[in-house]
>>> print(open('work16.cif').read())   # mmCIF, C-alpha atoms and all ligand atoms
data_entry
#
loop_
_atom_site.group_PDB
_atom_site.id
_atom_site.type_symbol
_atom_site.label_atom_id
_atom_site.label_comp_id
_atom_site.auth_asym_id
_atom_site.auth_seq_id
_atom_site.Cartn_x
_atom_site.Cartn_y
_atom_site.Cartn_z
ATOM 1 C CA MET D 1229 -59.062 75.036 59.763
ATOM 2 C CA LYS D 1230 -61.489 77.951 59.503
ATOM 3 C CA ILE D 1231 -64.309 78.644 61.931
ATOM 4 C CA LEU D 1232 -67.105 81.178 61.665
ATOM 5 C CA ILE D 1233 -68.328 82.550 64.997
ATOM 6 C CA VAL D 1234 -71.814 84.032 64.858
ATOM 7 C CA GLU D 1235 -72.611 85.816 68.094
ATOM 8 C CA ASP D 1236 -73.929 89.309 68.758
ATOM 9 C CA GLU D 1237 -72.736 89.507 72.350
ATOM 10 C CA ALA D 1238 -69.338 91.059 71.710
ATOM 11 C CA SER D 1239 -67.737 89.830 74.927
ATOM 12 C CA ILE D 1240 -68.676 86.178 74.269
ATOM 13 C CA ALA D 1241 -67.668 86.436 70.596
ATOM 14 C CA ARG D 1242 -64.308 87.901 71.488
ATOM 15 C CA PHE D 1243 -63.644 85.321 74.187
ATOM 16 C CA VAL D 1244 -64.512 82.392 71.911
ATOM 17 C CA GLN D 1245 -62.428 83.916 69.116
ATOM 18 C CA LEU D 1246 -59.355 84.303 71.332
ATOM 19 C CA GLU D 1247 -59.647 80.730 72.585
ATOM 20 C CA LEU D 1248 -60.087 79.295 69.090
ATOM 21 C CA GLU D 1249 -57.164 81.255 67.727
ATOM 22 C CA HIS D 1250 -55.087 80.096 70.643
ATOM 23 C CA GLU D 1251 -55.944 76.535 69.539
ATOM 24 C CA GLY D 1252 -54.711 77.350 66.037
ATOM 25 C CA TYR D 1253 -58.003 77.881 64.203
ATOM 26 C CA ALA D 1254 -58.517 80.763 61.796
ATOM 27 C CA THR D 1255 -61.691 82.610 62.781
ATOM 28 C CA LYS D 1256 -64.102 85.270 61.707
ATOM 29 C CA CYS D 1257 -66.766 86.852 63.912
ATOM 30 C CA VAL D 1258 -70.115 88.039 62.627
ATOM 31 C CA ALA D 1259 -72.788 89.596 64.854
ATOM 32 C CA ASP D 1260 -75.799 89.700 62.552
ATOM 33 C CA GLY D 1261 -77.946 86.867 61.159
ATOM 34 C CA ARG D 1262 -78.171 88.017 57.562
ATOM 35 C CA GLU D 1263 -74.504 88.814 57.407
ATOM 36 C CA ALA D 1264 -73.735 85.379 58.879
ATOM 37 C CA LEU D 1265 -75.797 83.603 56.230
ATOM 38 C CA ASP D 1266 -74.030 85.558 53.465
ATOM 39 C CA GLU D 1267 -70.662 84.787 54.937
ATOM 40 C CA ALA D 1268 -71.402 81.074 55.415
ATOM 41 C CA VAL D 1269 -72.898 80.592 51.955
ATOM 42 C CA ASN D 1270 -70.188 82.452 50.061
ATOM 43 C CA ASN D 1271 -67.134 81.119 51.913
ATOM 44 C CA GLU D 1272 -65.824 77.719 52.909
ATOM 45 C CA TYR D 1273 -65.742 77.192 56.655
ATOM 46 C CA ASP D 1274 -64.850 73.947 58.431
ATOM 47 C CA LEU D 1275 -67.360 74.677 61.161
ATOM 48 C CA ILE D 1276 -69.798 77.369 62.319
ATOM 49 C CA VAL D 1277 -70.550 78.280 65.932
ATOM 50 C CA LEU D 1278 -74.017 79.785 65.673
ATOM 51 C CA ASP D 1279 -75.856 81.674 68.391
ATOM 52 C CA VAL D 1280 -79.655 81.477 68.163
ATOM 53 C CA MET D 1281 -80.650 84.940 69.399
ATOM 54 C CA LEU D 1282 -79.332 87.276 66.717
ATOM 55 C CA PRO D 1283 -80.397 90.549 65.136
ATOM 56 C CA SER D 1284 -82.108 90.611 61.680
ATOM 57 C CA LEU D 1285 -82.324 86.812 61.237
ATOM 58 C CA ASN D 1286 -82.239 84.351 64.131
ATOM 59 C CA GLY D 1287 -79.810 81.451 64.222
ATOM 60 C CA ILE D 1288 -82.487 78.823 63.527
ATOM 61 C CA GLU D 1289 -83.460 80.657 60.339
ATOM 62 C CA VAL D 1290 -79.806 81.091 59.351
ATOM 63 C CA LEU D 1291 -79.346 77.328 59.786
ATOM 64 C CA ARG D 1292 -82.514 76.481 57.833
ATOM 65 C CA ARG D 1293 -81.435 78.592 54.865
ATOM 66 C CA LEU D 1294 -77.833 77.434 55.035
ATOM 67 C CA ARG D 1295 -78.877 73.762 54.967
ATOM 68 C CA GLN D 1296 -80.689 74.317 51.666
ATOM 69 C CA VAL D 1297 -77.289 74.828 50.040
ATOM 70 C CA LYS D 1298 -74.566 73.572 52.374
ATOM 71 C CA GLN D 1299 -73.675 70.946 54.961
ATOM 72 C CA THR D 1300 -70.980 72.862 56.876
ATOM 73 C CA PRO D 1301 -70.949 71.477 60.464
ATOM 74 C CA VAL D 1302 -72.864 73.777 62.809
ATOM 75 C CA ILE D 1303 -72.826 73.934 66.609
ATOM 76 C CA ILE D 1304 -75.707 76.063 67.875
ATOM 77 C CA LEU D 1305 -75.582 78.076 71.090
ATOM 78 C CA THR D 1306 -78.859 78.275 72.977
ATOM 79 C CA ALA D 1307 -79.917 79.720 76.284
ATOM 80 C CA ARG D 1308 -80.762 77.197 78.987
ATOM 81 C CA ASP D 1309 -84.477 78.002 78.848
ATOM 82 C CA GLN D 1310 -84.781 77.742 75.064
ATOM 83 C CA ILE D 1311 -85.283 74.016 74.674
ATOM 84 C CA MET D 1312 -87.384 74.511 71.555
ATOM 85 C CA ASP D 1313 -84.435 76.179 69.830
ATOM 86 C CA LYS D 1314 -82.289 73.162 70.532
ATOM 87 C CA VAL D 1315 -84.956 70.839 69.149
ATOM 88 C CA ALA D 1316 -85.545 72.987 66.061
ATOM 89 C CA GLY D 1317 -81.815 73.371 65.509
ATOM 90 C CA LEU D 1318 -81.097 69.661 65.623
ATOM 91 C CA ASP D 1319 -84.143 68.950 63.444
ATOM 92 C CA LEU D 1320 -82.816 71.401 60.874
ATOM 93 C CA GLY D 1321 -79.448 69.709 60.759
ATOM 94 C CA ALA D 1322 -77.308 71.302 63.445
ATOM 95 C CA ASN D 1323 -74.503 68.861 64.258
ATOM 96 C CA ASP D 1324 -74.376 69.707 67.923
ATOM 97 C CA TYR D 1325 -75.503 72.264 70.477
ATOM 98 C CA MET D 1326 -74.218 73.984 73.590
ATOM 99 C CA THR D 1327 -76.347 75.634 76.245
ATOM 100 C CA LYS D 1328 -75.182 78.962 77.598
ATOM 101 C CA PRO D 1329 -73.359 79.506 79.815
ATOM 102 C CA PHE D 1330 -70.854 76.881 78.696
ATOM 103 C CA ALA D 1331 -67.300 75.987 79.621
ATOM 104 C CA ILE D 1332 -64.938 76.886 76.792
ATOM 105 C CA GLU D 1333 -63.188 73.487 77.112
ATOM 106 C CA GLU D 1334 -66.513 71.813 76.363
ATOM 107 C CA LEU D 1335 -67.013 73.920 73.224
ATOM 108 C CA LEU D 1336 -63.447 73.179 72.090
ATOM 109 C CA ALA D 1337 -64.011 69.434 72.592
ATOM 110 C CA ARG D 1338 -67.204 69.550 70.548
ATOM 111 C CA ILE D 1339 -65.527 71.540 67.789
ATOM 112 C CA ARG D 1340 -62.700 68.993 67.635
ATOM 113 C CA ALA D 1341 -65.163 66.103 67.525
ATOM 114 C CA ASN D 1342 -67.279 67.641 64.778
ATOM 115 C CA VAL D 1343 -64.358 68.700 62.628
ATOM 116 C CA LYS D 1344 -62.720 65.285 63.028
ATOM 117 C CA LYS D 1345 -65.874 63.408 62.139
ATOM 118 C CA ARG D 1346 -65.898 65.248 58.851
ATOM 119 C CA MET D 1347 -62.171 64.897 58.149
ATOM 120 C CA THR D 1348 -62.040 61.119 58.562
ATOM 121 C CA PRO D 1349 -64.547 59.487 56.269
ATOM 122 C CA SER D 1350 -64.531 56.061 57.872
ATOM 123 C CA GLY D 1351 -67.304 54.653 55.707
ATOM 124 C CA ASN D 1352 -69.699 52.483 57.655
ATOM 125 C CA ALA D 1353 -67.126 50.890 59.922
ATOM 126 C CA LEU D 1354 -66.436 52.012 63.477
ATOM 127 C CA GLU D 1355 -63.591 50.345 65.303
ATOM 128 C CA TYR D 1356 -62.379 50.449 68.849
ATOM 129 C CA GLY D 1357 -59.703 47.933 69.694
ATOM 130 C CA LYS D 1358 -61.211 44.538 68.954
ATOM 131 C CA LEU D 1359 -64.695 45.996 68.814
ATOM 132 C CA LYS D 1360 -66.027 46.513 65.289
ATOM 133 C CA MET D 1361 -69.354 48.021 64.286
ATOM 134 C CA ASP D 1362 -70.840 48.271 60.832
ATOM 135 C CA THR D 1363 -73.491 50.999 60.861
ATOM 136 C CA GLU D 1364 -74.857 49.973 57.470
ATOM 137 C CA ALA D 1365 -75.230 46.258 58.137
ATOM 138 C CA HIS D 1366 -76.017 46.895 61.835
ATOM 139 C CA THR D 1367 -73.556 44.297 63.000
ATOM 140 C CA VAL D 1368 -71.210 44.319 65.983
ATOM 141 C CA SER D 1369 -68.339 42.003 66.699
ATOM 142 C CA TYR D 1370 -65.628 41.615 69.284
ATOM 143 C CA GLY D 1371 -62.671 39.802 67.792
ATOM 144 C CA SER D 1372 -64.275 36.933 65.940
ATOM 145 C CA ASP D 1373 -67.458 36.884 68.074
ATOM 146 C CA ALA D 1374 -70.668 38.429 66.815
ATOM 147 C CA ILE D 1375 -72.467 40.457 69.509
ATOM 148 C CA ASP D 1376 -76.217 40.741 69.568
ATOM 149 C CA LEU D 1377 -77.392 44.268 70.437
ATOM 150 C CA THR D 1378 -80.875 45.745 70.374
ATOM 151 C CA LYS D 1379 -81.480 48.812 68.180
ATOM 152 C CA LYS D 1380 -81.157 51.255 71.095
ATOM 153 C CA GLU D 1381 -78.060 49.566 72.491
ATOM 154 C CA PHE D 1382 -76.522 49.697 69.035
ATOM 155 C CA ASP D 1383 -77.397 53.368 68.479
ATOM 156 C CA LEU D 1384 -76.090 54.360 71.907
ATOM 157 C CA LEU D 1385 -72.774 52.613 71.313
ATOM 158 C CA VAL D 1386 -72.435 54.187 67.859
ATOM 159 C CA TYR D 1387 -73.141 57.628 69.309
ATOM 160 C CA LEU D 1388 -70.491 57.196 72.005
ATOM 161 C CA LEU D 1389 -67.960 55.877 69.505
ATOM 162 C CA GLU D 1390 -68.606 58.691 67.058
ATOM 163 C CA ASN D 1391 -68.043 61.211 69.839
ATOM 164 C CA ARG D 1392 -64.937 59.521 71.135
ATOM 165 C CA ASN D 1393 -63.133 61.530 73.847
ATOM 166 C CA VAL D 1394 -66.161 63.783 74.359
ATOM 167 C CA VAL D 1395 -68.061 63.317 77.605
ATOM 168 C CA ILE D 1396 -71.699 62.704 76.681
ATOM 169 C CA SER D 1397 -74.322 63.742 79.201
ATOM 170 C CA ARG D 1398 -77.386 61.584 79.787
ATOM 171 C CA GLU D 1399 -79.509 64.313 78.234
ATOM 172 C CA GLN D 1400 -77.420 64.371 75.059
ATOM 173 C CA ALA D 1401 -77.551 60.590 74.773
ATOM 174 C CA LEU D 1402 -81.320 60.721 75.195
ATOM 175 C CA ASP D 1403 -81.684 63.349 72.470
ATOM 176 C CA ALA D 1404 -79.438 61.470 70.083
ATOM 177 C CA VAL D 1405 -80.682 57.935 70.623
ATOM 178 C CA TRP D 1406 -84.258 58.193 71.909
ATOM 179 C CA GLY D 1407 -85.217 61.450 70.232
ATOM 180 C CA PHE D 1408 -86.837 64.613 71.492
ATOM 181 C CA ASP D 1409 -90.216 63.026 71.955
ATOM 182 C CA PHE D 1410 -88.898 60.947 74.814
ATOM 183 C CA TYR D 1411 -90.206 62.290 78.085
ATOM 184 C CA GLY D 1412 -88.997 59.579 80.404
ATOM 185 C CA ASN D 1413 -86.289 59.649 82.998
ATOM 186 C CA THR D 1414 -82.638 60.057 81.939
ATOM 187 C CA ASN D 1415 -81.979 56.915 84.029
ATOM 188 C CA VAL D 1416 -82.868 54.955 80.920
ATOM 189 C CA VAL D 1417 -79.395 55.855 79.622
ATOM 190 C CA ASP D 1418 -77.774 54.272 82.700
ATOM 191 C CA VAL D 1419 -79.850 51.174 82.186
ATOM 192 C CA TYR D 1420 -78.706 50.822 78.570
ATOM 193 C CA ILE D 1421 -75.094 51.472 79.509
ATOM 194 C CA ARG D 1422 -75.450 48.553 81.935
ATOM 195 C CA TYR D 1423 -76.875 46.359 79.168
ATOM 196 C CA LEU D 1424 -73.932 47.247 76.922
ATOM 197 C CA ARG D 1425 -71.415 46.540 79.662
ATOM 198 C CA SER D 1426 -73.005 43.195 80.448
ATOM 199 C CA LYS D 1427 -72.908 42.187 76.782
ATOM 200 C CA ILE D 1428 -69.390 43.435 76.017
ATOM 201 C CA ASP D 1429 -67.238 44.533 78.967
ATOM 202 C CA ASP D 1430 -68.258 41.739 81.330
ATOM 203 C CA VAL D 1431 -67.861 39.072 78.670
ATOM 204 C CA TYR D 1432 -64.457 40.184 77.356
ATOM 205 C CA GLY D 1433 -62.981 41.662 80.524
ATOM 206 C CA VAL D 1434 -62.607 45.175 79.074
ATOM 207 C CA LYS D 1435 -63.782 48.627 80.120
ATOM 208 C CA ILE D 1436 -64.941 50.380 76.971
ATOM 209 C CA ILE D 1437 -67.426 52.952 78.271
ATOM 210 C CA GLN D 1438 -66.109 55.094 81.128
ATOM 211 C CA THR D 1439 -68.411 56.741 83.648
ATOM 212 C CA VAL D 1440 -67.584 60.378 84.378
ATOM 213 C CA ARG D 1441 -69.091 61.066 87.768
ATOM 214 C CA GLY D 1442 -71.650 63.861 87.653
ATOM 215 C CA SER D 1443 -71.244 64.367 83.890
ATOM 216 C CA GLY D 1444 -72.035 61.292 81.866
ATOM 217 C CA TYR D 1445 -70.196 58.736 79.797
ATOM 218 C CA VAL D 1446 -67.216 58.710 77.466
ATOM 219 C CA ILE D 1447 -65.266 56.285 75.294
ATOM 220 C CA ARG D 1448 -61.643 57.399 75.339
ATOM 221 C CA ASP D 1449 -58.978 56.516 72.802
ATOM 222 C CA VAL D 1450 -57.096 53.411 73.809
HETATM 223 CA CA CA R 1 -77.250 86.469 71.097
#
>>> encode(input="work16.cif", output="structure tokens")
Amino acid sequence: MKILIVEDEASIARFVQLELEHEGYATKCVADGREALDEAVNNEYDLIVLDVMLPSLNGIEVLRRLRQVKQTPVIILTARDQIMDKVAGLDLGANDYMTKPFAIEELLARIRANVKKRMTPSGNALEYGKLKMDTEAHTVSYGSDAIDLTKKEFDLLVYLLENRNVVISREQALDAVWGFDFYGNTNVVDVYIRYLRSKIDDVYGVKIIQTVRGSGYVIRDV
């Protein structure tokens, strides 16, 4: 498993590199945008951690050019006050984002999730115990029962299942399911989680979506 780290702040790059190598990944660090694009286009990486603020070519531009030729998973790193970078990055095909400063465990979890998603081509079927979802046909069933979900309920459940074992914040769920143009309250996520629980958990006596106090929601492996 090979990961390209693109970050011009040497201390952050070094720290991330040490942690990734400790986890058994092979890594390479690049500090310059143009060099990063060259490296990413001409080599096969399993994932790229891409900072946005870079010399010579910013991370958004690196991503835009990379996506014209390759679909390597990319996690972008943005500063907390650069919301537009996050939006542009996801629009251009970044697979995920982290806001600085971040906890290294959170980055490692996102790397694992994004690498795994790519390694296990599950087709259109998502399964979790007796719960089965078909993302092509837009159907959900529990055992032999068909479950009727609205579009947003369906998308939210798919997003949580695809990011299994990763705690999803309300903000991330909003971005993924409602889109960036949604300017409402993040409470809408709680409301939809309640809908899902009332349609699945309450009916079948299970606890599929876990609440992580102060952080968000997660579906953990059974
Ligand atoms: Ca930087």
>>> residues_around(input="work16.cif", residues="segment 1302-1318 of chain D", least_positions_apart="3", cutoff="9 Å", atoms="only C-alpha atoms", output="mmCIF file with C-alpha atoms, in the frame of the given file")
data_model
loop_
_atom_site.group_PDB
_atom_site.id
_atom_site.type_symbol
_atom_site.label_atom_id
_atom_site.label_comp_id
_atom_site.auth_asym_id
_atom_site.auth_seq_id
_atom_site.Cartn_x
_atom_site.Cartn_y
_atom_site.Cartn_z
ATOM 1 C CA GLU D 1235 -72.611 85.816 68.094
ATOM 2 C CA LEU D 1275 -67.360 74.677 61.161
ATOM 3 C CA ILE D 1276 -69.798 77.369 62.319
ATOM 4 C CA VAL D 1277 -70.550 78.280 65.932
ATOM 5 C CA LEU D 1278 -74.017 79.785 65.673
ATOM 6 C CA ASP D 1279 -75.856 81.674 68.391
ATOM 7 C CA VAL D 1280 -79.655 81.477 68.163
ATOM 8 C CA MET D 1281 -80.650 84.940 69.399
ATOM 9 C CA GLY D 1287 -79.810 81.451 64.222
ATOM 10 C CA ILE D 1288 -82.487 78.823 63.527
ATOM 11 C CA LEU D 1291 -79.346 77.328 59.786
ATOM 12 C CA ARG D 1292 -82.514 76.481 57.833
ATOM 13 C CA GLN D 1299 -73.675 70.946 54.961
ATOM 14 C CA GLY D 1321 -79.448 69.709 60.759
ATOM 15 C CA ALA D 1322 -77.308 71.302 63.445
ATOM 16 C CA ASN D 1323 -74.503 68.861 64.258
ATOM 17 C CA ASP D 1324 -74.376 69.707 67.923
ATOM 18 C CA TYR D 1325 -75.503 72.264 70.477
ATOM 19 C CA MET D 1326 -74.218 73.984 73.590
ATOM 20 C CA THR D 1327 -76.347 75.634 76.245
ATOM 21 C CA LYS D 1328 -75.182 78.962 77.598
ATOM 22 C CA PRO D 1329 -73.359 79.506 79.815
ATOM 23 C CA LEU D 1335 -67.013 73.920 73.224
ATOM 24 C CA ARG D 1338 -67.204 69.550 70.548
ATOM 25 C CA ILE D 1339 -65.527 71.540 67.789
ATOM 26 C CA ASN D 1342 -67.279 67.641 64.778
ATOM 27 C CA ASP D 1403 -81.684 63.349 72.470
ATOM 28 C CA PHE D 1408 -86.837 64.613 71.492
#
>>> residues_near_point(input="work16.cif", point="(-72.7, 82.7, 52.4)", cutoff="12 Å", atoms="only C-alpha atoms", output="list in words")
Leu1232, Val1258, Gly1261, Arg1262, Glu1263, Ala1264, Leu1265, Asp1266, Glu1267, Ala1268, Val1269, Asn1270, Asn1271, Glu1272, Tyr1273, Ile1276, Val1290, Leu1291, Arg1293, Leu1294, Arg1295, Gln1296, Val1297, Lys1298 and Thr1300 of chain D
>>> atom_distance(input="work16.cif", atom1="atom CA of Gly1444 of chain D", atom2="atom CA of Asp1430 of chain D")
19.9 Å
>>> closest_residue(input="work16.cif", among="D:Leu1336, D:Phe1330, D:Val1434, D:Leu1282", to="Gly1252 of chain D", atoms="all atoms listed in the file")
D:Leu1336
>>> residues_around(input="work16.cif", residues="Arg1392 of chain D", least_positions_apart="2", cutoff="6 Å", atoms="all atoms listed in the file", output="VMD selection string")
chain D and resid 1389 to 1390 1394 1447 to 1448
>>> resolve_selection(input="work16.cif", expression="the PyMOL selection byres (((chain D and resi 1421-1429) around 9) and not hetatm)", output="PyMOL selection string")
chain D and resi 1359+1370+1375-1377+1381-1382+1384-1385+1416-1420+1430-1437+1445
>>> write_last_selection(input="work16.cif", atoms="C-alpha atoms", output="compact mmCIF listing (two decimals), in the frame of the given file")
# COMPACT_ATOMS: atom_id res chain seq x y z
CA LEU D 1359 -64.69 46.00 68.81
CA TYR D 1370 -65.63 41.62 69.28
CA ILE D 1375 -72.47 40.46 69.51
CA ASP D 1376 -76.22 40.74 69.57
CA LEU D 1377 -77.39 44.27 70.44
CA GLU D 1381 -78.06 49.57 72.49
CA PHE D 1382 -76.52 49.70 69.04
CA LEU D 1384 -76.09 54.36 71.91
CA LEU D 1385 -72.77 52.61 71.31
CA VAL D 1416 -82.87 54.96 80.92
CA VAL D 1417 -79.40 55.86 79.62
CA ASP D 1418 -77.77 54.27 82.70
CA VAL D 1419 -79.85 51.17 82.19
CA TYR D 1420 -78.71 50.82 78.57
CA ASP D 1430 -68.26 41.74 81.33
CA VAL D 1431 -67.86 39.07 78.67
CA TYR D 1432 -64.46 40.18 77.36
CA GLY D 1433 -62.98 41.66 80.52
CA VAL D 1434 -62.61 45.18 79.07
CA LYS D 1435 -63.78 48.63 80.12
CA ILE D 1436 -64.94 50.38 76.97
CA ILE D 1437 -67.43 52.95 78.27
CA TYR D 1445 -70.20 58.74 79.80
>>> residues_around(input="work16.cif", residues="Asp1274 of chain D", least_positions_apart="5", cutoff="9 Å", atoms="all atoms listed in the file", output="ChimeraX atom specification")
/D:1229-1232,1300-1301,1343,1346
>>> closest_residue(input="work16.cif", among="D:Gln1245, D:Ser1372, D:Ser1284, D:Thr1414", to="ligand CA 1 (chain R)", atoms="only C-alpha atoms and all ligand atoms")
D:Ser1284
>>> atom_distance(input="work16.cif", atom1="atom CA of Gly1412 of chain D", atom2="atom CA of Asp1319 of chain D")
20.0 Å
>>> resolve_selection(input="work16.cif", expression="the PyMOL selection byres (((chain D and resi 1405) around 7) and not hetatm)", output="list of chain:residue names")
D:Lys1380, D:Asp1383, D:Leu1384, D:Ala1401, D:Leu1402, D:Asp1403, D:Ala1404, D:Trp1406, D:Gly1407
>>> atom_distance(input="work16.cif", atom1="atom CA of Glu1289 of chain D", atom2="atom CA of Asp1236 of chain D")
15.4 Å
>>> closest_residue(input="work16.cif", among="D:Ala1259, D:Val1450, D:Ala1374, D:Ala1353", to="ligand CA 1 (chain R)", atoms="all atoms listed in the file")
D:Ala1259
>>> closest_residue(input="work16.cif", among="D:Pro1283, D:Phe1243, D:Lys1344, D:Thr1255", to="ligand CA 1 (chain R)", atoms="all atoms listed in the file")
D:Pro1283
>>> closest_residue(input="work16.cif", among="D:Leu1388, D:Leu1285, D:Val1395, D:Ala1254", to="ligand CA 1 (chain R)", atoms="only C-alpha atoms and all ligand atoms")
D:Leu1285
>>> closest_residue(input="work16.cif", among="D:Leu1320, D:Val1368, D:Ala1241, D:Ala1331", to="ligand CA 1 (chain R)", atoms="only C-alpha atoms and all ligand atoms")
D:Ala1241
>>> residues_around(input="work16.cif", residues="Ser1443 of chain D", least_positions_apart="6", cutoff="8 Å", atoms="all atoms listed in the file", output="ChimeraX atom specification")
/D:1395-1398
>>> write_last_selection(input="work16.cif", atoms="C-alpha atoms", output="PDB file, in the frame of the given file")
ATOM      1  CA  VAL D1395     -68.061  63.317  77.605  1.00  0.00           C
ATOM      2  CA  ILE D1396     -71.699  62.704  76.681  1.00  0.00           C
ATOM      3  CA  SER D1397     -74.322  63.742  79.201  1.00  0.00           C
ATOM      4  CA  ARG D1398     -77.386  61.584  79.787  1.00  0.00           C
TER       5      ARG D1398
END
